[in-house]
Amino acid sequence: MTPYAADAADALLTARERVRRLEQLTSRRGAVAVQLDEVAALLGDLEDLLAKEEEDVSKLEGGGFSALLAGLTGSRDERLARERAEVLAVRQRLDGQRNRLEWLNADRAAVDEGLAGLGPAREEYDALLEREERRLVASGDSRGRELVELDQRLADTRADLAEYQEAHRAGVDAFHGVGEVLRCLGGARGASTWDMLAGGGGFADMMEHGHLRNADEAAWHAQQLLDTFARELVDIGVNVAPKLPEVDTRWFADMFFDNIITDAIKHHRIESTGAAVADVAEWVRRTVEGLDVRREELTRLRDALAARREEVIVTG
């Protein structure tokens, strides 16, 4: 190995070690942040609980109605002792969580200090890799040809992965949107069943119509999400046009309100519409699952190509 190559290898090794440390500290900071959020929520709950317990003690000590009632039943002293014990227990838990908060803040400060010391470690390492790659390609080294091919495959894989990630996100949003339509239709179906079997009358009709109006609004939103999903799927070579049942006012107004002949017919129409929406939801679910599988495959391929590229540059 030439002196230059040895120096480059040493520089890459040092830079890589800094990147690994950066990754470790970044992961640790994320874990600390989750724990801090947890403690903050616990502290809020415990402070509310302490205020309630102290209020209960004050009522018993102050001779109000609670104290009078407890005295009449002969349980005042016993209840007061129990409430004071509850206050003490809550205070101890509160002190423990406050101490935990201090420890976690100290941990986060130490992590932040470590991250600040690393600076742009990732950018520095990537710059060293690119410089060494250019040298290998320019020198005619056999590794240079492999690097060119690896870069092309890596660029294509990253682009494909980005498209699948966008499609997956859009699919998840669409699934939730269609699910909201199903939820509203489920409420309408329940009201319709009550009306048909138990004679719910005007109140049941009012509930049913309210659920259907909500379903109408949810359906408009869900169709927009489905349209977005379809556009994202086009980017990965899939041409589809998912549609909910006719999304306009007549779908839920004319069909269910003006054209109602019997409760049974109305109930059947709601069930039929729900079944059609459920079919769309199932299609979205299966499609999203397929996208997730492909995302995982592309992620593994990207990582393997990146690892091989790094290996070619660093070793050899």
# chains A, B, ... in the order shown; residues from 1 in each chain; ligands from 1

$ closest_atom_pairs --of "region 91-181 of chain A" --to "region 293-308 of chain A" --cutoff "12 Å" --atoms "only C-alpha atoms" --output "Markdown table"
| residue | atom | partner | partner_atom | distance |
| --- | --- | --- | --- | --- |
| A:Asp126 | CA | A:Ala306 | CA | 11.4 |
| A:Leu129 | CA | A:Ala306 | CA | 11.3 |
| A:Arg143 | CA | A:Arg308 | CA | 11.2 |
| A:Glu146 | CA | A:Arg308 | CA | 9.8 |
| A:Leu147 | CA | A:Arg308 | CA | 9.1 |
| A:Val148 | CA | A:Leu305 | CA | 11.9 |
| A:Glu149 | CA | A:Leu305 | CA | 10.2 |
| A:Leu150 | CA | A:Leu305 | CA | 6.6 |
| A:Asp151 | CA | A:Leu305 | CA | 8.4 |
| A:Gln152 | CA | A:Leu305 | CA | 10.2 |
| A:Arg153 | CA | A:Leu305 | CA | 7.7 |
| A:Leu154 | CA | A:Leu305 | CA | 6.1 |
| A:Ala155 | CA | A:Arg302 | CA | 8.9 |
| A:Asp156 | CA | A:Arg302 | CA | 9.3 |
| A:Thr157 | CA | A:Arg302 | CA | 6.0 |
| A:Arg158 | CA | A:Arg302 | CA | 6.6 |
| A:Ala159 | CA | A:Leu298 | CA | 9.9 |
| A:Asp160 | CA | A:Leu298 | CA | 7.6 |
| A:Leu161 | CA | A:Leu298 | CA | 5.8 |
| A:Ala162 | CA | A:Arg295 | CA | 8.9 |
| A:Glu163 | CA | A:Arg295 | CA | 9.3 |
| A:Tyr164 | CA | A:Arg295 | CA | 6.1 |
| A:Gln165 | CA | A:Arg295 | CA | 6.8 |
| A:Glu166 | CA | A:Arg295 | CA | 10.3 |
| A:Ala167 | CA | A:Arg295 | CA | 10.0 |
| A:His168 | CA | A:Arg295 | CA | 8.5 |
| A:Arg169 | CA | A:Arg295 | CA | 11.3 |

$ write_last_selection --atoms "C-alpha atoms" --output "short mmCIF file (atom, residue, chain, number, x, y, z; two decimals), in the first residue's frame"
data_model
loop_
_atom_site.label_atom_id
_atom_site.label_comp_id
_atom_site.auth_asym_id
_atom_site.auth_seq_id
_atom_site.Cartn_x
_atom_site.Cartn_y
_atom_site.Cartn_z
CA ASP A 126 -18.98 10.93 2.96
CA LEU A 129 -15.37 8.35 0.52
CA ARG A 143 -12.21 -1.10 -8.23
CA GLU A 146 -17.07 -1.59 -9.89
CA LEU A 147 -17.68 1.67 -8.06
CA VAL A 148 -19.24 3.25 -11.14
CA GLU A 149 -21.63 0.31 -11.47
CA LEU A 150 -22.38 0.34 -7.74
CA ASP A 151 -23.14 4.06 -7.79
CA GLN A 152 -25.56 3.62 -10.66
CA ARG A 153 -27.37 0.76 -8.94
CA LEU A 154 -27.37 2.60 -5.63
CA ALA A 155 -28.83 5.75 -7.19
CA ASP A 156 -31.57 3.74 -8.90
CA THR A 157 -32.36 1.83 -5.71
CA ARG A 158 -32.57 4.98 -3.63
CA ALA A 159 -34.90 6.57 -6.17
CA ASP A 160 -37.10 3.46 -6.25
CA LEU A 161 -37.19 3.32 -2.46
CA ALA A 162 -38.23 6.97 -2.25
CA GLU A 163 -41.13 6.32 -4.65
CA TYR A 164 -42.30 3.29 -2.70
CA GLN A 165 -42.07 5.18 0.59
CA GLU A 166 -44.21 7.99 -0.80
CA ALA A 167 -46.76 5.52 -2.15
CA HIS A 168 -46.82 3.67 1.17
CA ARG A 169 -47.48 6.88 3.12
#

$ residues_around --residues "Gly30 (chain A)" --least-positions-apart "4" --cutoff "12 Å" --atoms "only C-alpha atoms" --output "mmCIF file with C-alpha atoms, in the first residue's frame"
data_model
loop_
_atom_site.group_PDB
_atom_site.id
_atom_site.type_symbol
_atom_site.label_atom_id
_atom_site.label_comp_id
_atom_site.auth_asym_id
_atom_site.auth_seq_id
_atom_site.Cartn_x
_atom_site.Cartn_y
_atom_site.Cartn_z
ATOM 1 C CA GLU A 23 -25.152 7.071 15.252
ATOM 2 C CA GLN A 24 -24.958 5.647 18.766
ATOM 3 C CA LEU A 25 -25.409 9.034 20.438
ATOM 4 C CA THR A 26 -28.245 9.998 18.091
ATOM 5 C CA VAL A 34 -39.034 9.312 24.764
ATOM 6 C CA GLN A 35 -38.289 8.790 28.453
ATOM 7 C CA LEU A 36 -38.477 12.522 29.131
ATOM 8 C CA ASP A 37 -41.893 12.697 27.483
ATOM 9 C CA LEU A 104 -32.610 12.151 32.354
ATOM 10 C CA ASP A 107 -28.089 12.262 30.441
ATOM 11 C CA ARG A 108 -29.466 14.352 27.583
ATOM 12 C CA VAL A 111 -25.351 13.216 24.937
ATOM 13 C CA ASP A 112 -25.754 16.681 23.444
#

$ closest_residue --among "A:Ala41, A:Ala170, A:Ala138, A:Ala281" --to "Thr228 (chain A)" --atoms "only C-alpha atoms"
A:Ala170

$ residues_around --residues "Ala15 (chain A)" --least-positions-apart "3" --cutoff "12 Å" --atoms "only C-alpha atoms" --output "short mmCIF file (atom, residue, chain, number, x, y, z; two decimals) with all heavy atoms, in the first residue's frame"
data_model
loop_
_atom_site.label_atom_id
_atom_site.label_comp_id
_atom_site.auth_asym_id
_atom_site.auth_seq_id
_atom_site.Cartn_x
_atom_site.Cartn_y
_atom_site.Cartn_z
N ALA A 8 -4.94 7.55 3.50
CA ALA A 8 -6.36 7.62 3.17
C ALA A 8 -7.14 6.58 3.95
O ALA A 8 -8.23 6.85 4.46
CB ALA A 8 -6.57 7.43 1.67
N ALA A 9 -6.55 5.38 4.06
CA ALA A 9 -7.23 4.32 4.81
C ALA A 9 -7.36 4.69 6.28
O ALA A 9 -8.41 4.47 6.91
CB ALA A 9 -6.46 3.01 4.65
N ASP A 10 -6.29 5.27 6.83
CA ASP A 10 -6.35 5.69 8.24
C ASP A 10 -7.39 6.77 8.45
O ASP A 10 -8.14 6.76 9.44
CB ASP A 10 -4.97 6.20 8.68
CG ASP A 10 -3.94 5.08 8.81
OD1 ASP A 10 -4.38 3.91 8.88
OD2 ASP A 10 -2.74 5.37 8.83
N ALA A 11 -7.43 7.72 7.51
CA ALA A 11 -8.41 8.81 7.63
C ALA A 11 -9.83 8.28 7.54
O ALA A 11 -10.72 8.69 8.29
CB ALA A 11 -8.15 9.85 6.54
N LEU A 12 -10.06 7.34 6.64
CA LEU A 12 -11.39 6.74 6.51
C LEU A 12 -11.78 5.98 7.76
O LEU A 12 -12.92 6.04 8.22
CB LEU A 12 -11.42 5.81 5.29
CG LEU A 12 -11.53 6.49 3.92
CD1 LEU A 12 -11.25 5.50 2.81
CD2 LEU A 12 -12.92 7.10 3.75
N ARG A 18 -15.98 7.86 14.00
CA ARG A 18 -16.75 9.03 14.45
C ARG A 18 -18.20 8.92 14.01
O ARG A 18 -19.12 9.29 14.75
CB ARG A 18 -16.11 10.30 13.89
CG ARG A 18 -14.82 10.69 14.61
CD ARG A 18 -14.08 11.79 13.85
NE ARG A 18 -14.89 12.97 13.63
CZ ARG A 18 -15.11 13.92 14.55
NH1 ARG A 18 -14.59 13.82 15.75
NH2 ARG A 18 -15.85 14.98 14.26
N VAL A 19 -18.44 8.39 12.82
CA VAL A 19 -19.81 8.22 12.35
C VAL A 19 -20.55 7.21 13.23
O VAL A 19 -21.72 7.42 13.59
CB VAL A 19 -19.83 7.76 10.88
CG1 VAL A 19 -21.24 7.32 10.46
CG2 VAL A 19 -19.36 8.89 9.98
N ARG A 20 -19.90 6.11 13.56
CA ARG A 20 -20.54 5.12 14.42
C ARG A 20 -20.89 5.71 15.78
O ARG A 20 -21.96 5.45 16.33
CB ARG A 20 -19.61 3.91 14.61
CG ARG A 20 -19.45 3.04 13.37
CD ARG A 20 -20.78 2.39 12.99
NE ARG A 20 -21.30 1.58 14.06
CZ ARG A 20 -20.99 0.30 14.27
NH1 ARG A 20 -20.11 -0.30 13.46
NH2 ARG A 20 -21.54 -0.38 15.26
N ARG A 21 -19.98 6.52 16.31
CA ARG A 21 -20.27 7.17 17.58
C ARG A 21 -21.44 8.14 17.44
O ARG A 21 -22.30 8.23 18.33
CB ARG A 21 -19.02 7.92 18.07
CG ARG A 21 -19.19 8.62 19.41
CD ARG A 21 -19.52 7.64 20.51
NE ARG A 21 -19.61 8.31 21.80
CZ ARG A 21 -20.19 7.78 22.87
NH1 ARG A 21 -20.73 6.56 22.82
NH2 ARG A 21 -20.23 8.45 24.00
N LEU A 22 -21.48 8.85 16.34
CA LEU A 22 -22.59 9.77 16.07
C LEU A 22 -23.91 9.01 16.03
O LEU A 22 -24.92 9.45 16.60
CB LEU A 22 -22.35 10.49 14.75
CG LEU A 22 -23.47 11.43 14.27
CD1 LEU A 22 -23.61 12.61 15.22
CD2 LEU A 22 -23.20 11.91 12.85
N LEU A 118 -18.74 15.86 18.00
CA LEU A 118 -18.55 15.10 16.75
C LEU A 118 -18.71 15.96 15.52
O LEU A 118 -18.16 15.64 14.46
CB LEU A 118 -19.53 13.93 16.70
CG LEU A 118 -19.23 12.79 17.68
CD1 LEU A 118 -20.40 11.84 17.75
CD2 LEU A 118 -17.97 12.05 17.27
N GLY A 119 -19.48 17.03 15.64
CA GLY A 119 -19.66 17.93 14.51
C GLY A 119 -20.28 17.21 13.31
O GLY A 119 -21.03 16.24 13.47
N PRO A 120 -19.94 17.64 12.09
CA PRO A 120 -20.50 17.01 10.88
C PRO A 120 -19.77 15.73 10.52
O PRO A 120 -19.20 15.61 9.42
CB PRO A 120 -20.32 18.10 9.83
CG PRO A 120 -19.06 18.79 10.25
CD PRO A 120 -19.08 18.79 11.77
N ALA A 121 -19.76 14.76 11.43
CA ALA A 121 -18.99 13.53 11.18
C ALA A 121 -19.45 12.80 9.93
O ALA A 121 -18.64 12.29 9.15
CB ALA A 121 -19.09 12.61 12.41
N ARG A 122 -20.76 12.71 9.74
CA ARG A 122 -21.29 12.00 8.57
C ARG A 122 -20.86 12.68 7.28
O ARG A 122 -20.43 12.01 6.32
CB ARG A 122 -22.81 11.93 8.67
CG ARG A 122 -23.54 11.48 7.40
CD ARG A 122 -23.06 10.14 6.88
NE ARG A 122 -23.39 9.05 7.76
CZ ARG A 122 -23.07 7.80 7.54
NH1 ARG A 122 -22.35 7.48 6.46
NH2 ARG A 122 -23.40 6.85 8.39
N GLU A 123 -20.97 14.01 7.22
CA GLU A 123 -20.61 14.73 6.01
C GLU A 123 -19.11 14.58 5.72
O GLU A 123 -18.69 14.45 4.57
CB GLU A 123 -20.97 16.21 6.15
CG GLU A 123 -22.48 16.50 6.15
CD GLU A 123 -23.13 16.21 7.49
OE1 GLU A 123 -22.41 15.79 8.43
OE2 GLU A 123 -24.36 16.39 7.60
N GLU A 124 -18.30 14.62 6.77
CA GLU A 124 -16.86 14.48 6.59
C GLU A 124 -16.51 13.09 6.05
O GLU A 124 -15.65 12.96 5.16
CB GLU A 124 -16.15 14.73 7.92
CG GLU A 124 -16.24 16.18 8.41
CD GLU A 124 -15.73 16.35 9.83
OE1 GLU A 124 -15.39 15.31 10.46
OE2 GLU A 124 -15.68 17.48 10.33
N TYR A 125 -17.17 12.08 6.58
CA TYR A 125 -16.89 10.71 6.12
C TYR A 125 -17.32 10.53 4.67
O TYR A 125 -16.58 9.95 3.86
CB TYR A 125 -17.61 9.72 7.02
CG TYR A 125 -17.37 8.28 6.66
CD1 TYR A 125 -16.11 7.73 6.73
CD2 TYR A 125 -18.43 7.46 6.25
CE1 TYR A 125 -15.88 6.40 6.40
CE2 TYR A 125 -18.21 6.13 5.93
CZ TYR A 125 -16.94 5.61 6.00
OH TYR A 125 -16.72 4.29 5.67
N ASP A 126 -18.50 11.04 4.34
CA ASP A 126 -18.98 10.93 2.96
C ASP A 126 -18.04 11.65 2.00
O ASP A 126 -17.78 11.17 0.88
CB ASP A 126 -20.39 11.50 2.85
CG ASP A 126 -21.43 10.60 3.50
OD1 ASP A 126 -21.12 9.43 3.75
OD2 ASP A 126 -22.55 11.08 3.79
N ALA A 127 -17.50 12.80 2.42
CA ALA A 127 -16.58 13.54 1.56
C ALA A 127 -15.29 12.75 1.32
O ALA A 127 -14.75 12.72 0.21
CB ALA A 127 -16.26 14.90 2.19
N LEU A 128 -14.79 12.08 2.38
CA LEU A 128 -13.59 11.25 2.22
C LEU A 128 -13.85 10.09 1.28
O LEU A 128 -13.00 9.74 0.44
CB LEU A 128 -13.14 10.73 3.59
CG LEU A 128 -12.45 11.74 4.51
CD1 LEU A 128 -12.22 11.12 5.88
CD2 LEU A 128 -11.12 12.19 3.91
N LEU A 129 -15.02 9.45 1.41
CA LEU A 129 -15.37 8.35 0.52
C LEU A 129 -15.42 8.82 -0.93
O LEU A 129 -14.91 8.15 -1.84
CB LEU A 129 -16.71 7.75 0.92
CG LEU A 129 -16.76 6.82 2.14
CD1 LEU A 129 -18.18 6.38 2.41
CD2 LEU A 129 -15.86 5.61 1.94
N VAL A 314 -12.73 1.31 0.98
CA VAL A 314 -11.89 1.26 2.17
C VAL A 314 -10.86 0.15 2.08
O VAL A 314 -9.72 0.28 2.54
CB VAL A 314 -12.76 1.09 3.43
CG1 VAL A 314 -11.90 0.90 4.67
CG2 VAL A 314 -13.69 2.29 3.58
#

$ atom_distance --atom1 "CA of Leu225 (chain A)" --atom2 "CA of Ala174 (chain A)"
4.9 Å

$ residues_around --residues "Leu43 (chain A)" --least-positions-apart "2" --cutoff "8 Å" --atoms "only C-alpha atoms" --output "NGL selection string"
:A and (39-41 or 45-47 or 94 or 97-98)

$ residues_around --residues "Val90 (chain A)" --least-positions-apart "4" --cutoff "10 Å" --atoms "only C-alpha atoms" --output "list of chain:residue names"
A:Leu46, A:Glu47, A:Leu49, A:Leu50, A:Ala51, A:Glu53, A:Glu54, A:Arg84, A:Ala85, A:Glu86, A:Leu94, A:Asp95, A:Gly96
